[in-house]
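Asker: Submitted below is the structure of interest, expressed as structure tokens.
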Amino acid sequence: MTDTLKRGIDILHDPTLNKSTAFTEAERQALGLVGLVPDVTESEDIQLRRVLQQLGHKNTDLDRYIYLVNLLDHDETLFYRTIMSDPARFLPIVYDPTIGEACLKFGHIFRGPRGMYLSIKRRGTVKDVLCNWPVKDVRFICVTNGGRILGLGDLGANGMGIPIGKLQLYTAAAGVPPEGLLPMYLDAGTNNAQYLNDPLYLGLREARPSTADLYSFVDEFVEAVQEVFPKCCIHFEDWTGVDAVHLLQRYRDHYCVHNDDVQGTAGITLAGMINATKLKGTQLKDEKYLFLGAGSAGIGLANLLCSALVAEGMTLADAQSRVHMFDVNGLLESTRSDLVDFQKPYAHPHPPTKDFVAAIKSIEPTTIIGVSTIGGAFTQQVVETMAQVNERPVILALSNPTEHAECSAEQAYTWSKGRAIFAAGVQFPPVHLDDQTFLPGQANNFYIFPAVGMAIYATQAKRVSDEMFIEAARAVADQVPDALLKQGLLYPLQANILETEIKTAVRVAKLVFDSGLARVERPNDMEAFILGHVYQPEYRKLA
């Protein structure tokens, strides 16, 4: 039984309590619901059947997204029961790639507020604003300033769809209870003229402030969270590249924070790299890497990769020497004067070049990683050159949404004559080439950050380390069966996402305890410990 002071229509207006047609007769009588709902008691299976039927009448995934968000606003349990019933079908609707279109149109499809909107105009009163949130034991805040949403750029307040969606994945993919999750938009303006002139735009209509001004505001926010929600982990999401790296550096040694664009992207890509070496019969230290894109995602990935290489016995300098980067101004090399601090470790002695194919020919990387947000950047010449210098070229086209992918699966396999080891940031269908069928994997962060989140939630970790993401990467890589790996699939099947992430969370939780970062007593059975925290999308007994 659940104790609730709410009765009648107030229960129906609370999505965490509302059961719609599933209230029992005893609940209807005790809670004043008689006459307020149809006079039948339906099973959750019947409710799910109705949802699936209604979704089937929708013409686009954006329409399905809007329907599901509306369902979440009215019946949280049924929403998660729907998503978790078929994650391979529904995760692309509630998150990537549909979330990109939803964010572009966020102010136009807006139905009602979800989460918190913290404006820089509230500077000096941030703690008081946070206290307005009704849940007092918040465990995760996913926060964006809308500065770099997916590959779409500065979307300002329209970026609020991202933290909302990310936190849904914490629950749907890893079972983190939804009541302790808080999506948040830190509104410090936008430089997007289109939205500033849009009468339906939901954010401050002013340009973004200076970096010092922004960081001062974020400082107040981070410190206020420690007071108002002392068990909370802050998940930074979709900030501009420089801010993403610098804010993570600013807080990571003092507070429980992480950045999914930096560490989550790195973790899932590392998992793919690990499985690529299994296919090739090599080790990470044998490979040479060339990134197209040197922003927060690329640098975060490179840093985590180097940490993994150091753990395998390399020096940091040797590890960094295996990593090369290429951005809009060409190859990062030692004579460039336009690099920011976190890019310089990957600027090696090399003749300047702005030709990516030429860089491939001279460096001879075994792996190219696209984090450029430039659709089609891995041209036929790029892929063919990689195939010329490698028997099994590894091609990771990680930018999303789909139109921003550096190349498609079909292009990678066709242009390499079936020799490429490929994954993308979006899901591509199987590719049939000659007498082979290739299964392209999706290097999606949702394999990593929800599992790390569950481990943090269960252990009440004091801080988040890179080692947690490395362990998560290894755990994810270990869960791909050999038969699927031989068909080129670098990641586990999405249909089994909850099982996969629980196993990953168990391994990460062990590391949290081993590292002395847990704030709870170590259990004897780690798997049972994690399972004991997993949310089940089942209605609670109210009377």
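Following the order of the structure tokens, first chain is A, next is B, and so on, with residues numbered from 1 inside each chain and ligands from 1 in the order they appear.
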Check the DSSP output for the backbone and give back, as a PyMOL selection string, the residues of region 397-463 of chain A in strand (DSSP E or B).

Answerer: chain A and resi 397+421-424+431-433+436-438+441-442

Asker: With only C-alpha atoms as the counted atoms, please give the residues lying no more than 12 Å from Lys285 (chain A), apart from itself and same-chain residues fewer than 5 positions off, as an MDAnalysis selection string.

Answerer: chainID A and resid 273:274 277 305:316 318:323 366

Asker: Write out as a ChimeraX atom specification each polymer residue whose atoms come within 7 Å of region 184-188 of chain A, counting only C-alpha atoms; drop sequence neighbours fewer than 3 positions from it.

Answerer: /A:115-120,141-145,157,160,163,203-204,208-209

Asker: Save out the residues we just selected, C-alpha atoms, as a compact mmCIF listing (two decimals), in the first residue's frame.

Answerer:
```txt
# COMPACT_ATOMS: atom_id res chain seq x y z
CA GLY A 115 11.61 19.76 -15.13
CA MET A 116 13.05 23.13 -14.11
CA TYR A 117 13.97 26.26 -16.05
CA LEU A 118 16.68 28.17 -14.18
CA SER A 119 17.34 31.62 -15.66
CA ILE A 120 20.50 33.64 -15.18
CA ILE A 141 20.04 16.52 -12.49
CA CYS A 142 20.63 16.44 -16.23
CA VAL A 143 21.38 20.03 -17.15
CA THR A 144 22.00 21.80 -20.45
CA ASN A 145 22.36 25.39 -21.53
CA ALA A 157 15.60 26.74 -24.61
CA MET A 160 15.32 21.25 -23.00
CA PRO A 163 17.75 16.45 -20.57
CA GLY A 203 13.78 31.22 -23.44
CA LEU A 204 15.44 34.52 -22.59
CA ARG A 208 24.74 34.61 -24.35
CA PRO A 209 26.96 36.17 -21.66
```

Asker: Residues within 8 Å of Ser408 (chain A), please, as a ChimeraX atom specification. Count only C-alpha atoms; anything in the same chain fewer than 3 positions from it doesn't count.

Answerer: /A:397,405,411-412,424,428

Asker: Okay, now the selection with N, CA and C atoms, as a short mmCIF file (atom, residue, chain, number, x, y, z; two decimals), in the first residue's frame?

Answerer:
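Final output, saved to out.cif:
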```
data_model
loop_
_atom_site.label_atom_id
_atom_site.label_comp_id
_atom_site.auth_asym_id
_atom_site.auth_seq_id
_atom_site.Cartn_x
_atom_site.Cartn_y
_atom_site.Cartn_z
N ALA A 397 31.48 6.35 -37.59
CA ALA A 397 30.83 7.60 -38.01
C ALA A 397 29.81 7.98 -36.93
N ALA A 405 25.63 12.04 -39.98
CA ALA A 405 26.57 10.92 -39.95
C ALA A 405 27.62 11.10 -41.05
N GLN A 411 27.59 2.67 -47.35
CA GLN A 411 28.76 3.28 -47.99
C GLN A 411 30.06 2.69 -47.45
N ALA A 412 30.15 2.54 -46.13
CA ALA A 412 31.39 2.02 -45.52
C ALA A 412 31.69 0.61 -46.01
N ALA A 424 28.04 3.42 -36.13
CA ALA A 424 27.62 4.81 -36.29
C ALA A 424 26.94 5.29 -35.02
N PHE A 428 21.74 2.12 -38.41
CA PHE A 428 21.52 1.82 -39.82
C PHE A 428 21.04 0.38 -39.96
#
```

Asker: Name all residues at most 8 Å from Arg139 (chain A) (count only C-alpha atoms; drop same-chain ones fewer than 5 positions away) and give them as number ranges by chain.

Answerer: A: 180-181, 229, 231-233, 457

Asker: Restricting the calculation to only C-alpha atoms, which member of A:Gly159, A:Pro351, A:Pro440, A:Gly330 is positioned closest to Ala102 (chain A)?

Answerer: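 Checking each candidate against Ala102 (chain A), we get A:Gly159 as the closest.
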
Asker: If you run DSSP over the backbone, which residues in region 361-464 of chain A end up helix (DSSP H, G or I)? Put them as a PyMOL selection string.

Answerer: chain A and resi 361-363+380-389+402-404+409-415+445-447+449-459

Asker: Generate the output file for the selected residues, N, CA and C atoms, as a tab-separated table (two decimals), in the first residue's frame.

Answerer:
```tsv
chain	number	residue	atom	x	y	z
A	361	LYS	N	46.85	9.09	-45.50
A	361	LYS	CA	47.98	8.47	-46.21
A	361	LYS	C	49.29	8.60	-45.44
A	362	SER	N	49.49	9.74	-44.78
A	362	SER	CA	50.77	9.95	-44.09
A	362	SER	C	50.79	9.31	-42.69
A	363	ILE	N	49.66	9.36	-41.99
A	363	ILE	CA	49.60	8.82	-40.62
A	363	ILE	C	49.33	7.33	-40.62
A	380	GLN	N	33.85	8.58	-50.37
A	380	GLN	CA	34.34	7.34	-50.95
A	380	GLN	C	35.86	7.31	-50.97
A	381	GLN	N	36.49	8.44	-51.24
A	381	GLN	CA	37.95	8.49	-51.26
A	381	GLN	C	38.53	8.24	-49.88
A	382	VAL	N	37.87	8.78	-48.84
A	382	VAL	CA	38.33	8.56	-47.46
A	382	VAL	C	38.28	7.06	-47.12
A	383	VAL	N	37.14	6.43	-47.39
A	383	VAL	CA	36.98	5.02	-47.04
A	383	VAL	C	37.91	4.15	-47.87
A	384	GLU	N	38.03	4.44	-49.16
A	384	GLU	CA	38.92	3.64	-50.01
A	384	GLU	C	40.38	3.80	-49.58
A	385	THR	N	40.76	4.99	-49.15
A	385	THR	CA	42.13	5.20	-48.66
A	385	THR	C	42.37	4.41	-47.38
A	386	MET	N	41.39	4.41	-46.47
A	386	MET	CA	41.52	3.60	-45.26
A	386	MET	C	41.67	2.12	-45.61
A	387	ALA	N	40.95	1.67	-46.64
A	387	ALA	CA	41.03	0.26	-47.04
A	387	ALA	C	42.36	-0.05	-47.73
A	388	GLN	N	42.99	0.96	-48.31
A	388	GLN	CA	44.30	0.75	-48.93
A	388	GLN	C	45.39	0.54	-47.91
A	389	VAL	N	45.27	1.22	-46.75
A	389	VAL	CA	46.34	1.14	-45.74
A	389	VAL	C	46.02	0.15	-44.62
A	402	THR	N	20.82	11.46	-38.12
A	402	THR	CA	21.24	10.67	-39.27
A	402	THR	C	21.88	11.52	-40.37
A	403	GLU	N	21.31	12.68	-40.65
A	403	GLU	CA	21.85	13.50	-41.75
A	403	GLU	C	23.24	14.04	-41.45
A	404	HIS	N	23.67	13.94	-40.19
A	404	HIS	CA	25.01	14.41	-39.84
A	404	HIS	C	26.04	13.29	-39.78
A	409	ALA	N	26.26	3.05	-43.26
A	409	ALA	CA	26.80	1.70	-43.19
A	409	ALA	C	27.01	1.13	-44.60
A	410	GLU	N	26.03	1.33	-45.45
A	410	GLU	CA	26.14	0.80	-46.82
A	410	GLU	C	27.35	1.38	-47.54
A	411	GLN	N	27.59	2.67	-47.35
A	411	GLN	CA	28.76	3.28	-47.99
A	411	GLN	C	30.06	2.69	-47.45
A	412	ALA	N	30.15	2.54	-46.13
A	412	ALA	CA	31.39	2.02	-45.52
A	412	ALA	C	31.69	0.61	-46.01
A	413	TYR	N	30.67	-0.25	-46.03
A	413	TYR	CA	30.90	-1.63	-46.45
A	413	TYR	C	31.15	-1.73	-47.95
A	414	THR	N	30.39	-0.98	-48.74
A	414	THR	CA	30.53	-1.04	-50.20
A	414	THR	C	31.89	-0.52	-50.64
A	415	TRP	N	32.24	0.67	-50.15
A	415	TRP	CA	33.50	1.29	-50.59
A	415	TRP	C	34.74	0.54	-50.10
A	445	ASN	N	25.29	6.41	-26.70
A	445	ASN	CA	25.65	6.57	-25.29
A	445	ASN	C	24.69	5.88	-24.34
A	446	PHE	N	23.47	5.54	-24.81
A	446	PHE	CA	22.51	4.96	-23.88
A	446	PHE	C	22.91	3.56	-23.42
A	447	TYR	N	23.95	2.97	-24.00
A	447	TYR	CA	24.51	1.74	-23.46
A	447	TYR	C	25.33	2.01	-22.20
A	449	PHE	N	25.75	5.61	-20.17
A	449	PHE	CA	25.46	6.52	-19.06
A	449	PHE	C	24.34	6.05	-18.14
A	450	PRO	N	23.28	5.35	-18.63
A	450	PRO	CA	22.29	4.88	-17.66
A	450	PRO	C	22.85	3.82	-16.71
A	451	ALA	N	23.73	2.95	-17.23
A	451	ALA	CA	24.33	1.92	-16.38
A	451	ALA	C	25.25	2.54	-15.34
A	452	VAL	N	26.07	3.50	-15.77
A	452	VAL	CA	26.91	4.23	-14.80
A	452	VAL	C	26.01	4.95	-13.81
A	453	GLY	N	24.90	5.52	-14.30
A	453	GLY	CA	23.95	6.20	-13.43
A	453	GLY	C	23.36	5.27	-12.38
A	454	MET	N	22.99	4.04	-12.78
A	454	MET	CA	22.45	3.09	-11.82
A	454	MET	C	23.49	2.74	-10.75
A	455	ALA	N	24.74	2.58	-11.17
A	455	ALA	CA	25.80	2.29	-10.20
A	455	ALA	C	25.98	3.44	-9.22
A	456	ILE	N	25.94	4.67	-9.75
A	456	ILE	CA	26.05	5.86	-8.89
A	456	ILE	C	24.86	5.93	-7.94
A	457	TYR	N	23.67	5.69	-8.48
A	457	TYR	CA	22.44	5.76	-7.67
A	457	TYR	C	22.49	4.75	-6.52
A	458	ALA	N	22.86	3.52	-6.83
A	458	ALA	CA	22.84	2.47	-5.81
A	458	ALA	C	23.94	2.65	-4.76
A	459	THR	N	25.11	3.09	-5.20
A	459	THR	CA	26.25	3.23	-4.28
A	459	THR	C	26.31	4.61	-3.62
```

Asker: At a cut-off of 9 Å, using only C-alpha atoms, what residues contact Pro352 (chain A)? Leave out same-chain residues fewer than 2 positions from it and give the result as a PyMOL selection string.

Answerer: chain A and resi 330-336+350+354

Asker: List the neighbours of Pro365 (chain A) out to 10 Å using only C-alpha atoms; skip same-chain residues closer than 6 positions along the sequence, and give me the result as a PyMOL selection string.

Answerer: chain A and resi 287-291+322-324+359+386+389-390+393-394

Asker: Go ahead and dump the residues you just picked, N, CA and C atoms, as an mmCIF file, in the first residue's frame.

Answerer:
```cif
data_model
loop_
_atom_site.group_PDB
_atom_site.id
_atom_site.type_symbol
_atom_site.label_atom_id
_atom_site.label_comp_id
_atom_site.auth_asym_id
_atom_site.auth_seq_id
_atom_site.Cartn_x
_atom_site.Cartn_y
_atom_site.Cartn_z
ATOM 1 N N GLU A 287 46.805 -0.196 -32.105
ATOM 2 C CA GLU A 287 46.050 0.606 -33.067
ATOM 3 C C GLU A 287 46.556 2.050 -33.123
ATOM 4 N N LYS A 288 46.191 2.720 -34.206
ATOM 5 C CA LYS A 288 46.502 4.138 -34.370
ATOM 6 C C LYS A 288 45.204 4.837 -34.775
ATOM 7 N N TYR A 289 44.901 5.973 -34.149
ATOM 8 C CA TYR A 289 43.580 6.580 -34.262
ATOM 9 C C TYR A 289 43.664 7.984 -34.858
ATOM 10 N N LEU A 290 42.727 8.282 -35.762
ATOM 11 C CA LEU A 290 42.625 9.621 -36.342
ATOM 12 C C LEU A 290 41.182 10.101 -36.208
ATOM 13 N N PHE A 291 40.988 11.199 -35.507
ATOM 14 C CA PHE A 291 39.667 11.777 -35.273
ATOM 15 C C PHE A 291 39.381 12.868 -36.294
ATOM 16 N N ARG A 322 49.605 7.880 -30.095
ATOM 17 C CA ARG A 322 48.818 7.011 -30.972
ATOM 18 C C ARG A 322 47.549 7.696 -31.471
ATOM 19 N N VAL A 323 47.282 8.906 -30.971
ATOM 20 C CA VAL A 323 46.034 9.601 -31.271
ATOM 21 C C VAL A 323 46.316 10.874 -32.059
ATOM 22 N N HIS A 324 45.674 11.009 -33.203
ATOM 23 C CA HIS A 324 45.809 12.194 -34.049
ATOM 24 C C HIS A 324 44.420 12.790 -34.257
ATOM 25 N N ALA A 359 46.117 13.236 -44.810
ATOM 26 C CA ALA A 359 46.476 12.886 -43.427
ATOM 27 C C ALA A 359 46.387 11.379 -43.217
ATOM 28 N N MET A 386 41.391 4.412 -46.473
ATOM 29 C CA MET A 386 41.520 3.602 -45.258
ATOM 30 C C MET A 386 41.668 2.119 -45.606
ATOM 31 N N VAL A 389 45.273 1.218 -46.748
ATOM 32 C CA VAL A 389 46.343 1.139 -45.738
ATOM 33 C C VAL A 389 46.015 0.152 -44.615
ATOM 34 N N ASN A 390 44.828 -0.500 -44.692
ATOM 35 C CA ASN A 390 44.427 -1.462 -43.660
ATOM 36 C C ASN A 390 43.689 -2.632 -44.292
ATOM 37 N N PRO A 393 39.912 -1.897 -42.024
ATOM 38 C CA PRO A 393 39.805 -0.519 -41.527
ATOM 39 C C PRO A 393 38.622 -0.375 -40.575
ATOM 40 N N VAL A 394 38.831 0.315 -39.479
ATOM 41 C CA VAL A 394 37.762 0.578 -38.517
ATOM 42 C C VAL A 394 37.234 1.980 -38.787
#
```

Asker: For Leu490 (chain A), which residue among A:Asp327, A:Ala543, A:Gly272, A:Asp355 is the nearest when counting only C-alpha atoms?

Answerer: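 Closest residue, counting only C-alpha atoms: A:Gly272.
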
Asker: Between A:Asp86, A:Asp338, A:Glu237, A:Glu406, which has the minimum distance to Ala172 (chain A) (counting only C-alpha atoms)?

Answerer: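 The answer is A:Asp86, which sits nearest to Ala172 (chain A).
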
Asker: Smallest atom-to-atom distance to Ser465 (chain A): which of A:Leu301, A:Ala276, A:Met325, A:Val257, using only C-alpha atoms?

Answerer: A:Val257

Asker: Closest to Val357 (chain A) among A:Val126, A:Glu527, A:Leu292, A:Gly298, using only C-alpha atoms?

Answerer: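 Closest to Val357 (chain A), using only C-alpha atoms: A:Leu292.
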
Asker: Report the distance between CA of Tyr80 (chain A) and CA of Pro537 (chain A) in Å, rounded to one decimal place.

Answerer: 5.8 Å
